[in-house]
file protein.cif (mmCIF, C-alpha atoms)
data_query
loop_
_atom_site.label_atom_id
_atom_site.label_comp_id
_atom_site.auth_asym_id
_atom_site.auth_seq_id
_atom_site.Cartn_x
_atom_site.Cartn_y
_atom_site.Cartn_z
CA MET O 750 -36.34 11.10 -44.84
CA SER O 751 -33.65 8.76 -43.59
CA TYR O 752 -31.66 8.14 -40.41
CA SER O 753 -28.07 7.01 -40.04
CA LYS O 754 -27.50 3.34 -39.38
CA ASP O 755 -25.75 4.20 -36.12
CA ASP O 756 -28.79 6.11 -34.85
CA LEU O 757 -31.12 3.27 -35.81
CA ARG O 758 -28.83 0.71 -34.16
CA ASP O 759 -28.91 2.76 -30.94
CA LEU O 760 -32.69 3.15 -31.26
CA PHE O 761 -33.26 -0.62 -31.47
CA ASP O 762 -30.85 -1.29 -28.61
CA GLY O 763 -32.52 1.30 -26.40
CA ASN O 764 -29.36 3.43 -26.28
CA LEU O 765 -30.59 6.52 -28.11
CA PRO O 766 -31.15 9.59 -25.87
CA TRP O 767 -34.83 10.22 -25.21
CA GLU O 768 -34.80 13.63 -26.97
CA LYS O 769 -33.67 11.94 -30.17
CA VAL O 770 -36.23 9.13 -29.81
CA LYS O 771 -38.97 11.69 -29.31
CA GLU O 772 -37.85 13.55 -32.43
CA ILE O 773 -38.01 10.36 -34.51
CA MET O 774 -41.41 9.45 -33.08
CA SER O 775 -42.86 12.87 -33.90
CA LYS O 776 -41.78 12.87 -37.54
CA PRO O 777 -43.33 10.92 -40.43
CA LYS O 778 -41.93 7.37 -40.67
CA ASP O 779 -38.69 7.17 -42.64
CA GLY O 780 -39.37 5.27 -45.85
CA ASP O 781 -36.28 3.08 -45.70
CA ARG O 782 -36.63 2.07 -42.02
CA PHE O 783 -37.51 -1.58 -42.65
CA ASP O 784 -34.60 -2.15 -45.03
CA ARG O 785 -32.14 -0.40 -42.69
CA TYR O 786 -33.45 -2.42 -39.75
CA VAL O 787 -33.07 -5.71 -41.59
CA GLU O 788 -29.54 -4.68 -42.68
CA ILE O 789 -28.57 -4.14 -39.05
CA LEU O 790 -30.07 -7.47 -37.97
CA GLN O 791 -28.48 -9.29 -40.90
CA GLU O 792 -25.04 -8.03 -39.85
CA ARG O 793 -25.57 -9.42 -36.36
CA VAL O 794 -26.78 -12.95 -37.09
CA PRO O 795 -24.07 -15.58 -37.57
CA TRP O 796 -25.73 -17.32 -40.56
CA PRO O 797 -26.01 -16.36 -44.23
CA GLU O 798 -29.74 -16.87 -44.98
CA ARG O 799 -31.60 -13.73 -45.98
CA ILE O 800 -33.94 -12.30 -43.33
CA LEU O 801 -37.40 -11.71 -44.80
CA LEU O 802 -39.11 -10.61 -41.61
CA PRO O 803 -38.03 -10.23 -37.97
CA MET O 804 -40.47 -12.05 -35.65
CA GLY O 805 -39.56 -10.37 -32.36
CA GLU O 806 -36.56 -11.10 -30.19
CA HIS O 807 -34.33 -13.92 -31.50
CA LEU O 808 -36.66 -15.23 -34.22
CA TYR O 809 -36.68 -14.39 -37.93
CA VAL O 810 -38.44 -15.67 -41.01
CA VAL O 811 -35.61 -16.39 -43.44
CA GLU O 812 -35.36 -17.64 -46.99
CA LYS O 813 -33.63 -20.99 -47.28
CA SER O 814 -33.48 -23.08 -50.48
CA GLY O 815 -36.78 -21.64 -51.72
CA ASP O 816 -38.53 -22.18 -48.37
CA ARG O 817 -39.42 -19.65 -45.73
CA ILE O 818 -38.54 -20.92 -42.32
CA VAL O 819 -38.39 -19.58 -38.78
CA LYS O 820 -34.84 -19.41 -37.48
CA CYS O 821 -33.33 -18.39 -34.14
CA ASP O 822 -30.32 -16.10 -34.13
CA CYS O 823 -28.39 -19.01 -32.59
CA GLY O 824 -28.99 -20.96 -35.82
CA HIS O 825 -31.72 -23.36 -34.67
CA GLU O 826 -34.40 -23.86 -37.34
CA PHE O 827 -38.08 -24.25 -36.50
CA GLY O 828 -39.64 -25.10 -39.88
CA ASP O 829 -42.10 -23.44 -42.27
CA TRP O 830 -43.33 -20.04 -41.05
CA ARG O 831 -46.93 -21.14 -41.64
CA GLN O 832 -46.62 -23.71 -38.85
CA ASN O 833 -46.62 -22.49 -35.27
CA TRP O 834 -42.90 -22.51 -34.39
CA LYS O 835 -43.75 -23.30 -30.76
CA LEU O 836 -44.49 -26.88 -31.80
CA SER O 837 -40.78 -27.28 -32.57
CA ALA O 838 -39.60 -25.68 -29.33
CA LEU O 839 -39.00 -27.07 -25.85
CA ILE O 840 -41.85 -26.54 -23.41
CA PHE O 841 -41.88 -26.17 -19.64
CA VAL O 842 -45.26 -25.88 -17.95
CA ARG O 843 -45.86 -24.30 -14.56
CA ASP O 844 -49.03 -26.07 -13.49
CA ASP O 845 -48.65 -26.37 -9.72
CA THR O 846 -48.19 -23.89 -6.90
CA GLU O 847 -44.54 -24.74 -6.40
CA LYS O 848 -43.59 -24.04 -10.02
CA LEU O 849 -45.80 -20.93 -10.24
CA GLU O 850 -44.43 -19.47 -7.02
CA GLU O 851 -40.95 -19.37 -8.53
CA ILE O 852 -42.29 -16.50 -10.64
CA TYR O 853 -45.34 -15.28 -8.72
CA PRO O 854 -44.66 -15.62 -5.00
CA GLY O 855 -47.37 -15.43 -2.36
CA PHE O 856 -50.72 -13.86 -3.13
CA ARG O 857 -49.61 -13.10 -6.69
CA CYS O 858 -49.74 -16.82 -7.48
CA PRO O 859 -52.61 -17.80 -9.81
CA ASP O 860 -54.83 -20.84 -9.11
CA PRO O 861 -53.11 -23.82 -10.78
CA ASN O 862 -56.52 -25.49 -11.21
CA LEU O 863 -57.55 -22.71 -13.58
CA CYS O 864 -54.37 -21.51 -15.21
CA GLU O 865 -51.03 -22.82 -16.39
CA VAL O 866 -48.01 -20.88 -17.56
CA ARG O 867 -46.18 -22.35 -20.55
CA GLU O 868 -42.60 -21.36 -21.25
CA PHE O 869 -41.13 -22.03 -24.70
CA TYR O 870 -37.36 -22.40 -25.01
CA CYS O 871 -35.13 -22.53 -28.06
CA PRO O 872 -33.68 -26.08 -28.23
CA GLY O 873 -30.46 -24.59 -29.62
CA CYS O 874 -29.53 -21.91 -27.10
CA GLY O 875 -32.01 -22.18 -24.22
CA SER O 876 -33.39 -18.67 -24.72
CA LEU O 877 -36.85 -18.02 -23.36
CA LEU O 878 -38.70 -17.21 -26.58
CA LYS O 879 -42.27 -16.87 -25.40
CA VAL O 880 -44.54 -17.33 -22.40
CA GLU O 881 -48.27 -17.97 -22.53
CA SER O 882 -50.79 -18.20 -19.70
CA VAL O 883 -53.87 -20.26 -20.56
CA PRO O 884 -56.39 -22.68 -19.03
CA ALA O 885 -55.22 -26.31 -19.01
CA GLY O 886 -55.94 -28.06 -22.29
CA TYR O 887 -55.95 -24.88 -24.33
CA PRO O 888 -54.36 -25.23 -27.80
CA ILE O 889 -50.89 -23.71 -28.02
CA ILE O 890 -51.41 -20.16 -29.22
CA PHE O 891 -50.18 -19.29 -32.72
CA ASP O 892 -49.12 -15.70 -32.05
CA ALA O 893 -48.91 -14.48 -35.62
CA LEU O 894 -49.01 -15.73 -39.18
CA PRO O 895 -47.62 -12.75 -41.11
CA ASP O 896 -48.67 -12.24 -44.73
CA ILE O 897 -45.12 -11.75 -46.00
CA ASP O 898 -46.07 -11.55 -49.66
CA ALA O 899 -48.67 -8.83 -49.07
CA PHE O 900 -46.10 -6.91 -47.02
CA TYR O 901 -43.45 -7.01 -49.75
CA ARG O 902 -45.97 -6.45 -52.57
CA GLU O 903 -48.19 -3.76 -51.07
CA TRP O 904 -46.04 -2.02 -48.46
CA LEU O 905 -42.52 -2.25 -49.86
CA GLY O 906 -43.67 -2.25 -53.49
CA ARG O 907 -41.35 -5.08 -54.56
CA PRO O 908 -42.99 -8.51 -54.48
CA LEU O 909 -40.90 -11.52 -53.58
CA PRO O 910 -40.13 -13.67 -56.64
CA GLU O 911 -41.93 -16.80 -55.50
CA GLU O 912 -45.21 -16.10 -53.69
CA LYS O 913 -46.53 -18.71 -51.27
CA GLU O 914 -50.08 -19.60 -50.34
CA LEU O 915 -51.00 -18.05 -47.00
CA LYS O 916 -52.63 -20.65 -44.76
CA ASP O 917 -52.18 -21.94 -41.23
CA MET O 918 -50.36 -25.26 -41.55
CA THR O 919 -50.05 -25.96 -37.84
CA TYR O 920 -52.71 -28.66 -37.80
CA GLU O 921 -50.81 -30.63 -40.43
CA VAL O 922 -48.24 -31.17 -37.70
CA THR O 923 -50.74 -32.23 -35.02
CA ARG O 924 -52.55 -34.47 -37.53
CA GLU O 925 -49.27 -36.24 -38.19
CA TRP O 926 -48.64 -36.62 -34.45
CA GLY O 927 -52.14 -38.14 -34.20
CA ARG O 928 -51.28 -40.63 -36.96
CA ASP O 929 -48.09 -41.56 -35.10
CA LEU O 930 -50.21 -42.39 -32.05
CA GLN O 931 -52.57 -44.54 -34.13
CA GLN O 932 -49.67 -46.46 -35.59
CA ALA O 933 -48.30 -46.98 -32.10
CA GLY O 934 -51.66 -48.60 -31.32
CA GLU O 935 -53.47 -46.00 -29.28
CA MET E 304 -60.33 2.26 2.24
CA LEU E 305 -60.50 -0.03 -0.73
CA SER E 306 -57.30 -1.67 -1.86
CA SER E 307 -57.18 -3.67 -5.05
CA ASN E 308 -54.17 -5.76 -5.97
CA SER E 309 -53.97 -7.32 -9.39
CA ALA E 310 -51.13 -9.52 -10.56
CA ALA E 311 -50.18 -8.35 -14.00
CA ALA E 312 -47.48 -10.14 -15.91
CA GLY E 313 -46.49 -7.83 -18.69
CA GLY E 314 -42.99 -7.89 -20.03
CA LEU E 315 -40.98 -8.27 -23.17
CA GLY E 316 -38.03 -10.52 -23.75
CA ASP E 317 -35.96 -12.95 -21.76
CA PRO E 318 -35.21 -11.71 -18.22
CA ILE E 319 -31.69 -13.16 -18.33
CA GLU E 320 -30.86 -10.79 -21.19
CA ARG E 321 -31.66 -7.62 -19.27
CA GLY E 322 -28.64 -5.40 -18.75
CA PRO E 323 -27.22 -5.89 -15.21
CA ALA E 324 -26.73 -2.11 -14.89
CA ARG E 325 -30.49 -1.64 -15.23
CA LEU E 326 -31.11 -4.15 -12.42
CA LYS E 327 -28.59 -2.34 -10.24
CA ALA E 328 -30.44 0.94 -10.87
CA ASP E 329 -33.77 -0.73 -9.99
CA LEU E 330 -32.30 -2.08 -6.75
CA ASP E 331 -30.84 1.30 -5.79
CA GLU E 332 -34.24 2.88 -6.33
CA GLY E 333 -36.02 0.14 -4.40
CA LEU E 334 -37.93 -1.10 -7.45
CA ALA E 335 -36.51 -4.65 -7.44
CA THR E 336 -35.82 -7.20 -4.73
CA GLU E 337 -32.54 -9.03 -4.28
CA TRP E 338 -34.35 -12.37 -4.63
CA MET E 339 -35.94 -11.36 -7.93
CA THR E 340 -32.67 -9.95 -9.26
CA ARG E 341 -30.81 -13.16 -8.52
CA ASN E 342 -33.49 -15.78 -9.27
CA VAL E 343 -35.47 -14.30 -12.14
CA TYR E 344 -32.94 -12.02 -13.86
CA CYS E 345 -29.91 -14.08 -12.85
CA VAL E 346 -27.81 -11.09 -11.83
CA GLU E 347 -25.46 -11.62 -8.88
CA VAL E 348 -25.50 -8.58 -6.61
CA SER E 349 -24.40 -7.52 -3.15
CA PHE E 350 -25.03 -4.39 -1.15
CA ASP E 351 -22.00 -2.24 -0.54
CA GLU E 352 -22.58 -0.95 3.00
CA ARG E 353 -19.89 1.70 2.77
CA ALA E 354 -20.94 3.16 -0.59
CA LYS E 355 -24.64 2.54 0.20
CA GLU E 356 -25.34 1.10 -3.22
CA TRP E 357 -25.73 -2.25 -4.97
CA LYS E 358 -22.80 -3.79 -6.84
CA VAL E 359 -23.02 -6.28 -9.70
CA ASP E 360 -20.62 -9.22 -9.91
CA GLU E 361 -20.25 -9.53 -13.69
CA ALA E 362 -18.47 -12.89 -13.73
CA ALA E 363 -20.88 -14.51 -11.29
CA THR E 364 -23.78 -13.07 -13.29
CA GLU E 365 -22.47 -14.69 -16.48
CA ASN E 366 -22.20 -18.02 -14.64
CA LEU E 367 -25.74 -17.74 -13.28
CA ARG E 368 -27.08 -17.00 -16.74
CA GLN E 369 -25.24 -19.87 -18.39
CA ALA E 370 -26.54 -22.18 -15.67
CA LYS E 371 -30.11 -20.96 -16.27
CA ARG E 372 -29.85 -21.80 -19.98
CA LYS E 373 -28.62 -25.29 -19.15
CA GLU E 374 -31.40 -25.72 -16.59
CA ARG E 375 -34.01 -24.77 -19.21
CA LEU E 376 -32.60 -27.15 -21.82
CA ALA E 377 -32.71 -29.95 -19.21
CA ARG E 378 -36.23 -29.33 -17.93
CA GLY E 379 -37.89 -28.36 -21.23
CA MET E 380 -39.47 -31.23 -23.12
CA PRO E 381 -40.16 -31.55 -26.85
CA VAL E 382 -43.66 -30.22 -27.49
CA LYS E 383 -44.63 -33.49 -29.22
CA ASP E 384 -44.05 -35.43 -25.97
CA TRP E 385 -45.98 -32.87 -23.96
CA TRP E 386 -48.78 -32.95 -26.58
CA GLN E 387 -49.20 -36.72 -26.33
CA LYS E 388 -49.47 -36.58 -22.54
CA SER E 389 -51.77 -33.55 -22.54
CA ARG E 390 -54.00 -35.05 -25.24
CA GLN E 391 -54.76 -38.02 -22.99
CA ARG E 392 -55.66 -35.62 -20.22
CA PHE E 393 -57.88 -33.64 -22.57
CA MET E 394 -59.74 -36.72 -23.76
CA LYS E 395 -60.37 -37.82 -20.18
CA ARG E 396 -61.43 -34.26 -19.20
CA GLU E 397 -59.10 -34.29 -16.21
CA PHE E 398 -59.70 -30.61 -15.50
CA ASP E 399 -61.36 -28.46 -12.88
CA GLY E 400 -65.15 -28.34 -13.47
CA GLN E 401 -64.97 -24.68 -14.42
CA ILE E 402 -62.54 -25.46 -17.23
CA VAL E 403 -64.70 -28.30 -18.55
CA GLU E 404 -67.66 -25.89 -18.53
CA MET E 405 -65.58 -23.23 -20.31
CA TYR E 406 -64.74 -25.59 -23.20
CA GLN E 407 -68.34 -26.80 -23.48
CA SER E 408 -69.94 -23.36 -23.42
CA SER E 409 -67.32 -21.98 -25.84
CA ALA E 410 -68.01 -24.88 -28.21
CA ARG E 411 -71.73 -24.09 -28.10
CA LEU E 412 -70.99 -20.46 -28.94
CA SER E 413 -68.43 -21.10 -31.68
CA GLN E 414 -68.20 -24.06 -34.01
CA ALA E 415 -64.89 -22.61 -35.24
CA PHE E 416 -63.39 -22.68 -31.75
CA ALA E 417 -64.56 -26.26 -31.19
CA GLN E 418 -62.93 -27.26 -34.50
CA GLU E 419 -59.71 -25.48 -33.59
CA VAL E 420 -59.47 -27.36 -30.31
CA LYS E 421 -60.25 -30.69 -31.99
CA ASP E 422 -57.69 -30.03 -34.74
CA PHE E 423 -55.00 -29.09 -32.25
CA TRP E 424 -55.46 -32.28 -30.23
CA ALA E 425 -56.13 -34.39 -33.37
CA LEU E 426 -59.35 -35.68 -31.80
CA PRO E 427 -61.71 -38.08 -33.58
CA ASP E 428 -64.54 -36.47 -35.60
CA ASP E 429 -67.21 -37.77 -33.24
CA PHE E 430 -65.49 -36.37 -30.14
CA THR E 431 -67.56 -33.73 -28.37
CA LEU E 432 -65.99 -31.23 -26.03
#

call {"tool": "encode", "arguments": {"input": "protein.cif", "output": "structure tokens"}}
result
Amino acid sequence: MSYSKDDLRDLFDGNLPWEKVKEIMSKPKDGDRFDRYVEILQERVPWPERILLPMGEHLYVVEKSGDRIVKCDCGHEFGDWRQNWKLSALIFVRDDTEKLEEIYPGFRCPDPNLCEVREFYCPGCGSLLKVESVPAGYPIIFDALPDIDAFYREWLGRPLPEEKELKDMTYEVTREWGRDLQQAGE
Amino acid sequence: MLSSNSAAAGGLGDPIERGPARLKADLDEGLATEWMTRNVYCVEVSFDERAKEWKVDEAATENLRQAKRKERLARGMPVKDWWQKSRQRFMKREFDGQIVEMYQSSARLSQAFAQEVKDFWALPDDFTL
């Protein structure tokens, strides 16, 4: 089974009539959906790198000179997909009543002693990419480390030519930041 | 009567990318406030008394949204700078007592969690939460 690119484009944009959406939902998944979806996204982004995996709104894992990096549709690059991209973003933290009340006025406002809201912005275009609400001091959450090779190998049945080791490399970044502090004479 | 109010914060995507027509519909149905529409979604609206419906000012909306992006780029800081500042705070345990207790009891329950926290803040091996 297969759907037209126009129908899929409308589906992703939320412009398909509900009856049609319901029909798609009730049928077995179309086998070529992922490839069609990526085709549509690839036509929309202004850069040439191949999209390996969409990571939600704005962000994609793309192939660039043999590496797999996270890239915003505006073109900003965040680094290897195995490192939490948030570490390369801009952060704004709502950690007092005044800043929290801009979003949660009145009795909806959480206790700033117990909770902070972290907003992550793309340094390239200023899009709000992610929000997390955590206790102060909590490590920045790594939302997802997708196993891209397993997906291409086992789900799409066509492995990517150069497989990469799957491991969380986020702490390599923080370790380096720690070394920078030592050198600065902490 | 028992009334329970919980503040949930679900949502997907950047509010300044939501279609202005959808905000107008929410306003007409009484599901959104004018303040929220202007300050969170950055859609400029006014109530048309004669037609008894909300109207969107497209050009002003575009300006509001551009201004919001600029505001974010100005107030956002590189995570590395934030990390250095927050690491100091973590090492000095400058938190509410309940948060200190949360880290300590979680560390007792899970060595893996304790290691994750220490790795994230690049804390010395002998540091105890």

call {"tool": "resolve_selection", "arguments": {"input": "protein.cif", "expression": "the PyMOL selection byres ((chain O) within 10 of (chain E))", "output": "VMD selection string"}}
result
chain O and resid 805 to 807 835 to 842 851 to 853 856 to 859 861 to 864 868 to 880 882 884 to 889 919 to 928 930

call {"tool": "residues_around", "arguments": {"input": "protein.cif", "residues": "Val346 of chain E", "least_positions_apart": "2", "cutoff": "12 Å", "atoms": "only C-alpha atoms", "output": "MDAnalysis selection string"}}
result
chainID E and resid 318:327 330 335:344 348:349 357:371

call {"tool": "resolve_selection", "arguments": {"input": "protein.cif", "expression": "the PyMOL selection byres ((chain O and resi 753) around 12)", "output": "list in words"}}
result
Met750, Ser751, Tyr752, Lys754, Asp755, Asp756, Leu757, Arg758, Asp759, Leu760, Ile773, Asp779, Asp781, Arg782, Arg785, Tyr786 and Ile789 of chain O

call {"tool": "resolve_selection", "arguments": {"input": "protein.cif", "expression": "the PyMOL selection byres ((chain E and resi 432) around 8)", "output": "list of chain:residue names"}}
result
E:Tyr406, E:Gln407, E:Ala410, E:Ala417, E:Phe430, E:Thr431

call {"tool": "atom_distance", "arguments": {"input": "protein.cif", "atom1": "atom CA of Leu801 of chain O", "atom2": "atom CA of Glu788 of chain O"}}
result
10.8 Å

call {"tool": "atom_distance", "arguments": {"input": "protein.cif", "atom1": "atom CA of Lys395 of chain E", "atom2": "atom CA of Asp844 of chain O"}}
result
17.6 Å

call {"tool": "atom_distance", "arguments": {"input": "protein.cif", "atom1": "atom CA of Leu905 of chain O", "atom2": "atom CA of Ser814 of chain O"}}
result
22.7 Å

call {"tool": "residues_around", "arguments": {"input": "protein.cif", "residues": "Val810 of chain O", "least_positions_apart": "5", "cutoff": "7 Å", "atoms": "all atoms listed in the file", "output": "CSV table (one decimal) with C-alpha atoms, keeping the file's coordinate frame"}}
result
chain,number,residue,atom,x,y,z
O,800,ILE,CA,-33.9,-12.3,-43.3
O,801,LEU,CA,-37.4,-11.7,-44.8
O,802,LEU,CA,-39.1,-10.6,-41.6
O,803,PRO,CA,-38.0,-10.2,-38.0
O,804,MET,CA,-40.5,-12.0,-35.6
O,817,ARG,CA,-39.4,-19.6,-45.7
O,818,ILE,CA,-38.5,-20.9,-42.3
O,819,VAL,CA,-38.4,-19.6,-38.8
O,820,LYS,CA,-34.8,-19.4,-37.5
O,830,TRP,CA,-43.3,-20.0,-41.0

call {"tool": "decode", "arguments": {"input": "protein.cif", "residues": "segment 756-766 of chain O", "atoms": "all heavy atoms", "output": "PDB file, in the first residue's frame"}}
result
ATOM      1  N   ASP O 756      -1.004  13.726  -0.328  1.00  0.00           N
ATOM      2  CA  ASP O 756      -1.772  13.336   0.851  1.00  0.00           C
ATOM      3  C   ASP O 756      -0.868  13.276   2.089  1.00  0.00           C
ATOM      4  O   ASP O 756      -1.255  13.727   3.164  1.00  0.00           O
ATOM      5  CB  ASP O 756      -2.437  11.965   0.637  1.00  0.00           C
ATOM      6  CG  ASP O 756      -3.761  12.098  -0.121  1.00  0.00           C
ATOM      7  OD1 ASP O 756      -4.189  13.255  -0.326  1.00  0.00           O
ATOM      8  OD2 ASP O 756      -4.335  11.067  -0.500  1.00  0.00           O
ATOM      9  N   LEU O 757       0.333  12.722   1.913  1.00  0.00           N
ATOM     10  CA  LEU O 757       1.233  12.617   3.058  1.00  0.00           C
ATOM     11  C   LEU O 757       1.679  14.001   3.525  1.00  0.00           C
ATOM     12  O   LEU O 757       1.759  14.276   4.722  1.00  0.00           O
ATOM     13  CB  LEU O 757       2.454  11.758   2.706  1.00  0.00           C
ATOM     14  CG  LEU O 757       2.152  10.257   2.552  1.00  0.00           C
ATOM     15  CD1 LEU O 757       3.418   9.498   2.174  1.00  0.00           C
ATOM     16  CD2 LEU O 757       1.567   9.680   3.840  1.00  0.00           C
ATOM     17  N   ARG O 758       1.919  14.901   2.565  1.00  0.00           N
ATOM     18  CA  ARG O 758       2.326  16.264   2.910  1.00  0.00           C
ATOM     19  C   ARG O 758       1.220  16.924   3.750  1.00  0.00           C
ATOM     20  O   ARG O 758       1.487  17.517   4.784  1.00  0.00           O
ATOM     21  CB  ARG O 758       2.600  17.053   1.630  1.00  0.00           C
ATOM     22  CG  ARG O 758       3.460  18.283   1.844  1.00  0.00           C
ATOM     23  CD  ARG O 758       3.736  18.999   0.526  1.00  0.00           C
ATOM     24  NE  ARG O 758       4.778  18.385  -0.279  1.00  0.00           N
ATOM     25  CZ  ARG O 758       4.597  17.825  -1.476  1.00  0.00           C
ATOM     26  NH1 ARG O 758       3.395  17.782  -2.020  1.00  0.00           N
ATOM     27  NH2 ARG O 758       5.605  17.307  -2.136  1.00  0.00           N
ATOM     28  N   ASP O 759      -0.018  16.759   3.300  1.00  0.00           N
ATOM     29  CA  ASP O 759      -1.153  17.327   4.045  1.00  0.00           C
ATOM     30  C   ASP O 759      -1.300  16.670   5.413  1.00  0.00           C
ATOM     31  O   ASP O 759      -1.640  17.327   6.401  1.00  0.00           O
ATOM     32  CB  ASP O 759      -2.450  17.172   3.255  1.00  0.00           C
ATOM     33  CG  ASP O 759      -2.531  18.154   2.090  1.00  0.00           C
ATOM     34  OD1 ASP O 759      -1.760  19.133   2.107  1.00  0.00           O
ATOM     35  OD2 ASP O 759      -3.346  17.941   1.177  1.00  0.00           O
ATOM     36  N   LEU O 760      -1.024  15.359   5.481  1.00  0.00           N
ATOM     37  CA  LEU O 760      -1.113  14.638   6.751  1.00  0.00           C
ATOM     38  C   LEU O 760      -0.122  15.220   7.764  1.00  0.00           C
ATOM     39  O   LEU O 760      -0.477  15.536   8.895  1.00  0.00           O
ATOM     40  CB  LEU O 760      -0.827  13.150   6.520  1.00  0.00           C
ATOM     41  CG  LEU O 760      -0.773  12.259   7.757  1.00  0.00           C
ATOM     42  CD1 LEU O 760      -2.162  12.078   8.366  1.00  0.00           C
ATOM     43  CD2 LEU O 760      -0.181  10.882   7.421  1.00  0.00           C
ATOM     44  N   PHE O 761       1.131  15.406   7.318  1.00  0.00           N
ATOM     45  CA  PHE O 761       2.159  15.906   8.238  1.00  0.00           C
ATOM     46  C   PHE O 761       1.889  17.348   8.642  1.00  0.00           C
ATOM     47  O   PHE O 761       2.237  17.771   9.743  1.00  0.00           O
ATOM     48  CB  PHE O 761       3.552  15.786   7.617  1.00  0.00           C
ATOM     49  CG  PHE O 761       3.874  14.385   7.185  1.00  0.00           C
ATOM     50  CD1 PHE O 761       4.493  14.136   5.964  1.00  0.00           C
ATOM     51  CD2 PHE O 761       3.536  13.312   7.995  1.00  0.00           C
ATOM     52  CE1 PHE O 761       4.768  12.830   5.561  1.00  0.00           C
ATOM     53  CE2 PHE O 761       3.807  12.009   7.597  1.00  0.00           C
ATOM     54  CZ  PHE O 761       4.428  11.777   6.381  1.00  0.00           C
ATOM     55  N   ASP O 762       1.282  18.113   7.748  1.00  0.00           N
ATOM     56  CA  ASP O 762       1.010  19.522   8.056  1.00  0.00           C
ATOM     57  C   ASP O 762      -0.298  19.706   8.819  1.00  0.00           C
ATOM     58  O   ASP O 762      -0.658  20.822   9.160  1.00  0.00           O
ATOM     59  CB  ASP O 762       0.961  20.346   6.756  1.00  0.00           C
ATOM     60  CG  ASP O 762       2.340  20.469   6.121  1.00  0.00           C
ATOM     61  OD1 ASP O 762       3.344  20.326   6.858  1.00  0.00           O
ATOM     62  OD2 ASP O 762       2.417  20.702   4.898  1.00  0.00           O
ATOM     63  N   GLY O 763      -1.013  18.614   9.033  1.00  0.00           N
ATOM     64  CA  GLY O 763      -2.284  18.714   9.754  1.00  0.00           C
ATOM     65  C   GLY O 763      -3.406  19.258   8.889  1.00  0.00           C
ATOM     66  O   GLY O 763      -4.390  19.784   9.410  1.00  0.00           O
ATOM     67  N   ASN O 764      -3.268  19.162   7.567  1.00  0.00           N
ATOM     68  CA  ASN O 764      -4.277  19.731   6.666  1.00  0.00           C
ATOM     69  C   ASN O 764      -5.150  18.682   5.968  1.00  0.00           C
ATOM     70  O   ASN O 764      -5.955  19.012   5.101  1.00  0.00           O
ATOM     71  CB  ASN O 764      -3.593  20.598   5.588  1.00  0.00           C
ATOM     72  CG  ASN O 764      -2.926  21.820   6.205  1.00  0.00           C
ATOM     73  OD1 ASN O 764      -3.360  22.315   7.240  1.00  0.00           O
ATOM     74  ND2 ASN O 764      -1.862  22.300   5.584  1.00  0.00           N
ATOM     75  N   LEU O 765      -4.951  17.415   6.338  1.00  0.00           N
ATOM     76  CA  LEU O 765      -5.763  16.369   5.721  1.00  0.00           C
ATOM     77  C   LEU O 765      -7.099  16.279   6.454  1.00  0.00           C
ATOM     78  O   LEU O 765      -7.132  16.329   7.675  1.00  0.00           O
ATOM     79  CB  LEU O 765      -5.007  15.032   5.806  1.00  0.00           C
ATOM     80  CG  LEU O 765      -5.305  13.982   4.748  1.00  0.00           C
ATOM     81  CD1 LEU O 765      -4.954  14.494   3.354  1.00  0.00           C
ATOM     82  CD2 LEU O 765      -4.521  12.704   5.046  1.00  0.00           C
ATOM     83  N   PRO O 766      -8.236  16.152   5.717  1.00  0.00           N
ATOM     84  CA  PRO O 766      -9.530  16.041   6.410  1.00  0.00           C
ATOM     85  C   PRO O 766      -9.544  14.825   7.349  1.00  0.00           C
ATOM     86  O   PRO O 766      -8.915  13.798   7.030  1.00  0.00           O
ATOM     87  CB  PRO O 766     -10.531  15.843   5.261  1.00  0.00           C
ATOM     88  CG  PRO O 766      -9.823  16.197   4.008  1.00  0.00           C
ATOM     89  CD  PRO O 766      -8.358  16.066   4.258  1.00  0.00           C
TER      90      PRO O 766
END
